[in-house]
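K.L.:
One structure is given below, represented as structure tokens, and several questions about it will come after.
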Amino acid sequence: QVQLVESGGGLVQAGGSLRLSCAASGSIFSINTMGWYRQAQGKQRELVASFPSGGGTNYADSVKGRFTISRGNAKNTVYLQMNSLKPEDTAVYYCAANRYGVSYWGKGTSVTVSS
């Protein structure tokens with residue numbers, strides 16, 4: 001089992017920045033992918049950024065150049081630095097991990113960007 005806990009959400013004005021954190025615990029030794037998803041009200045959950053199993057990083061087109069995913073030194077923490085935030089970035093952001101083909105999700109952290 002893997003537990004994921006997100007933090008760092010909040011209310012910010014358009015053009016501002018936020019940094020989300022995700023701390024993984026439990027059986028983290030075989031996690032092969034981790035990433036961030038978001039779900040806006042009335043919309044489907046979508047990938048924001050991830051570390052895919054093949055290496056490197058992957059970003060949604062809508063956040064390229066504005067968001068950066070990174071890992072902590074202990075490898076069990078993943079961050080999402082969000083700059084130049086737009087009202088359309090408003091959503092609940094979820095941390096996700098995959099281990100042996102099983103997906104794990106955090107409870108989410110809410111981000112609201114005011115215009």
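Residues are named by chain letter and number: chains run A, B, ... in the order of the structure tokens, numbers start at 1 in each chain, and ligands are numbered from 1 in the order shown.
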Do a neighbour search on A:Ser50 at 6 Å with only C-alpha atoms, toss out local chain neighbours closer than 5 positions, and write the hits as a list in words.
P.N.:
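The residues satisfying every condition are Met34, Gly35, Thr57 and Asn58 of chain A.
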K.L.:
Compile the contact shell of A:Val78 as a PyMOL selection string: residues with an atom at most 9 Å away, counting only C-alpha atoms, same-chain residues fewer than 2 positions apart removed.
P.N.:
chain A and resi 20-24+34-36+69-72+75-76+80+95
K.L.:
Between A:Gln3, A:Asn32, A:Thr68, A:Ser17, which one has atoms that come closest to A:Tyr100, using only C-alpha atoms?
P.N.:
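Of all the options, A:Asn32 lies closest to A:Tyr100.
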K.L.:
So what do you get for atom CA of A:Tyr37 versus atom CA of A:Ala49, distance-wise?
P.N.:
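Computed distance, atom CA of A:Tyr37 to atom CA of A:Ala49, equals 7.0 Å.
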K.L.:
If you run DSSP on this backbone, which residues of stretch 16-94 of chain A come out as strand (DSSP E or B), and could you give them as a VMD selection string?
P.N.:
chain A and resid 18 to 26 31 to 39 46 to 51 58 to 59 67 to 71 77 to 82 91 to 94
K.L.:
Just checking: using only C-alpha atoms, which residue out of A:Ser62, A:Gln1, A:Ser110, A:Ser27 ends up closest to A:Lys86?
P.N.:
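Among the listed residues, the smallest separation from A:Lys86 belongs to A:Ser62.
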K.L.:
Would you kindly return, as number ranges by chain, each protein, DNA or RNA residue with an atom no farther than 7 Å from any atom of A:Gly108, considering only C-alpha atoms and excluding same-chain residues fewer than 6 positions away?
P.N.:
A: 6, 92-95
K.L.:
When you look at A:Ser103 with a cut-off of 10 Å (counting only C-alpha atoms), what residues show up, excluding the ones that are within fewer than 6 positions of it in the same chain? I need them as a list in words.
P.N.:
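Returned residues: Gln1, Val2, Ile31, Thr33, Met34, Ala96 and Ala97 of chain A.
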K.L.:
Near A:Asp89, within 9 Å and counting only C-alpha atoms, which residues show up once chain neighbours fewer than 6 positions away are dropped, as a ChimeraX atom specification?
P.N.:
/A:38,40,63,111-113
K.L.:
Using N, CA, C and O atoms, can you write the selected residues to a file as a PDB file, in the first residue's frame?
P.N.:
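And here's selection.pdb as it stands now:
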ATOM      1  N   ARG A  38      -5.239  16.971 -12.069  1.00  0.00           N
ATOM      2  CA  ARG A  38      -6.172  17.966 -11.550  1.00  0.00           C
ATOM      3  C   ARG A  38      -7.567  17.725 -12.099  1.00  0.00           C
ATOM      4  O   ARG A  38      -7.728  17.154 -13.182  1.00  0.00           O
ATOM      5  N   ALA A  40     -11.048  20.031 -12.477  1.00  0.00           N
ATOM      6  CA  ALA A  40     -11.846  21.234 -12.302  1.00  0.00           C
ATOM      7  C   ALA A  40     -13.317  20.840 -12.171  1.00  0.00           C
ATOM      8  O   ALA A  40     -13.733  19.768 -12.616  1.00  0.00           O
ATOM      9  N   VAL A  63       0.215  23.579 -19.388  1.00  0.00           N
ATOM     10  CA  VAL A  63       1.049  24.046 -18.273  1.00  0.00           C
ATOM     11  C   VAL A  63       2.525  24.120 -18.635  1.00  0.00           C
ATOM     12  O   VAL A  63       3.333  24.568 -17.814  1.00  0.00           O
ATOM     13  N   VAL A 111      -6.789  24.333  -5.414  1.00  0.00           N
ATOM     14  CA  VAL A 111      -6.125  25.543  -5.907  1.00  0.00           C
ATOM     15  C   VAL A 111      -7.178  26.422  -6.564  1.00  0.00           C
ATOM     16  O   VAL A 111      -7.888  25.968  -7.470  1.00  0.00           O
ATOM     17  N   THR A 112      -7.255  27.644  -6.114  1.00  0.00           N
ATOM     18  CA  THR A 112      -8.183  28.604  -6.699  1.00  0.00           C
ATOM     19  C   THR A 112      -7.396  29.827  -7.149  1.00  0.00           C
ATOM     20  O   THR A 112      -6.670  30.424  -6.352  1.00  0.00           O
ATOM     21  N   VAL A 113      -7.547  30.161  -8.422  1.00  0.00           N
ATOM     22  CA  VAL A 113      -6.847  31.310  -8.989  1.00  0.00           C
ATOM     23  C   VAL A 113      -7.888  32.362  -9.342  1.00  0.00           C
ATOM     24  O   VAL A 113      -8.763  32.131 -10.187  1.00  0.00           O
TER      25      VAL A 113
END
K.L.:
Using Å and a single decimal, report how far atom CA of A:Thr109 sits from atom CA of A:Leu18.
P.N.:
11.6 Å
K.L.:
Which residues are near A:Asn83? Cut-off 7 Å, only C-alpha atoms, ignore same chain within fewer than 2 positions. Put them as a list in words.
P.N.:
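Within the cut-off, the hits are Gly16, Ser17, Leu18, Arg66, Phe67, Gln81 and Leu85 of chain A.
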K.L.:
How about saving the chosen residues, N, CA, C and O atoms kept, as a PDB file, in the first residue's frame?
P.N.:
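File written: again-v1.pdb
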ATOM      1  N   GLY A  16       0.175  34.723 -10.044  1.00  0.00           N
ATOM      2  CA  GLY A  16       0.915  34.321  -8.850  1.00  0.00           C
ATOM      3  C   GLY A  16       1.456  32.910  -8.958  1.00  0.00           C
ATOM      4  O   GLY A  16       1.353  32.250 -10.003  1.00  0.00           O
ATOM      5  N   SER A  17       2.035  32.460  -7.849  1.00  0.00           N
ATOM      6  CA  SER A  17       2.679  31.151  -7.808  1.00  0.00           C
ATOM      7  C   SER A  17       2.235  30.370  -6.578  1.00  0.00           C
ATOM      8  O   SER A  17       1.884  30.949  -5.552  1.00  0.00           O
ATOM      9  N   LEU A  18       2.269  29.063  -6.711  1.00  0.00           N
ATOM     10  CA  LEU A  18       2.047  28.152  -5.604  1.00  0.00           C
ATOM     11  C   LEU A  18       2.971  26.955  -5.787  1.00  0.00           C
ATOM     12  O   LEU A  18       3.313  26.604  -6.929  1.00  0.00           O
ATOM     13  N   ARG A  66       5.172  26.832 -17.493  1.00  0.00           N
ATOM     14  CA  ARG A  66       4.686  27.503 -16.281  1.00  0.00           C
ATOM     15  C   ARG A  66       4.823  26.619 -15.046  1.00  0.00           C
ATOM     16  O   ARG A  66       5.065  27.125 -13.954  1.00  0.00           O
ATOM     17  N   PHE A  67       4.651  25.334 -15.200  1.00  0.00           N
ATOM     18  CA  PHE A  67       4.706  24.396 -14.077  1.00  0.00           C
ATOM     19  C   PHE A  67       5.963  23.546 -14.177  1.00  0.00           C
ATOM     20  O   PHE A  67       6.411  23.201 -15.275  1.00  0.00           O
ATOM     21  N   GLN A  81       5.789  23.025  -8.803  1.00  0.00           N
ATOM     22  CA  GLN A  81       5.915  24.482  -8.755  1.00  0.00           C
ATOM     23  C   GLN A  81       5.049  25.066  -9.855  1.00  0.00           C
ATOM     24  O   GLN A  81       5.249  24.748 -11.039  1.00  0.00           O
ATOM     25  N   LEU A  85       0.111  31.579 -12.716  1.00  0.00           N
ATOM     26  CA  LEU A  85      -1.168  30.885 -12.616  1.00  0.00           C
ATOM     27  C   LEU A  85      -2.282  31.655 -13.296  1.00  0.00           C
ATOM     28  O   LEU A  85      -2.304  32.901 -13.289  1.00  0.00           O
TER      29      LEU A  85
END
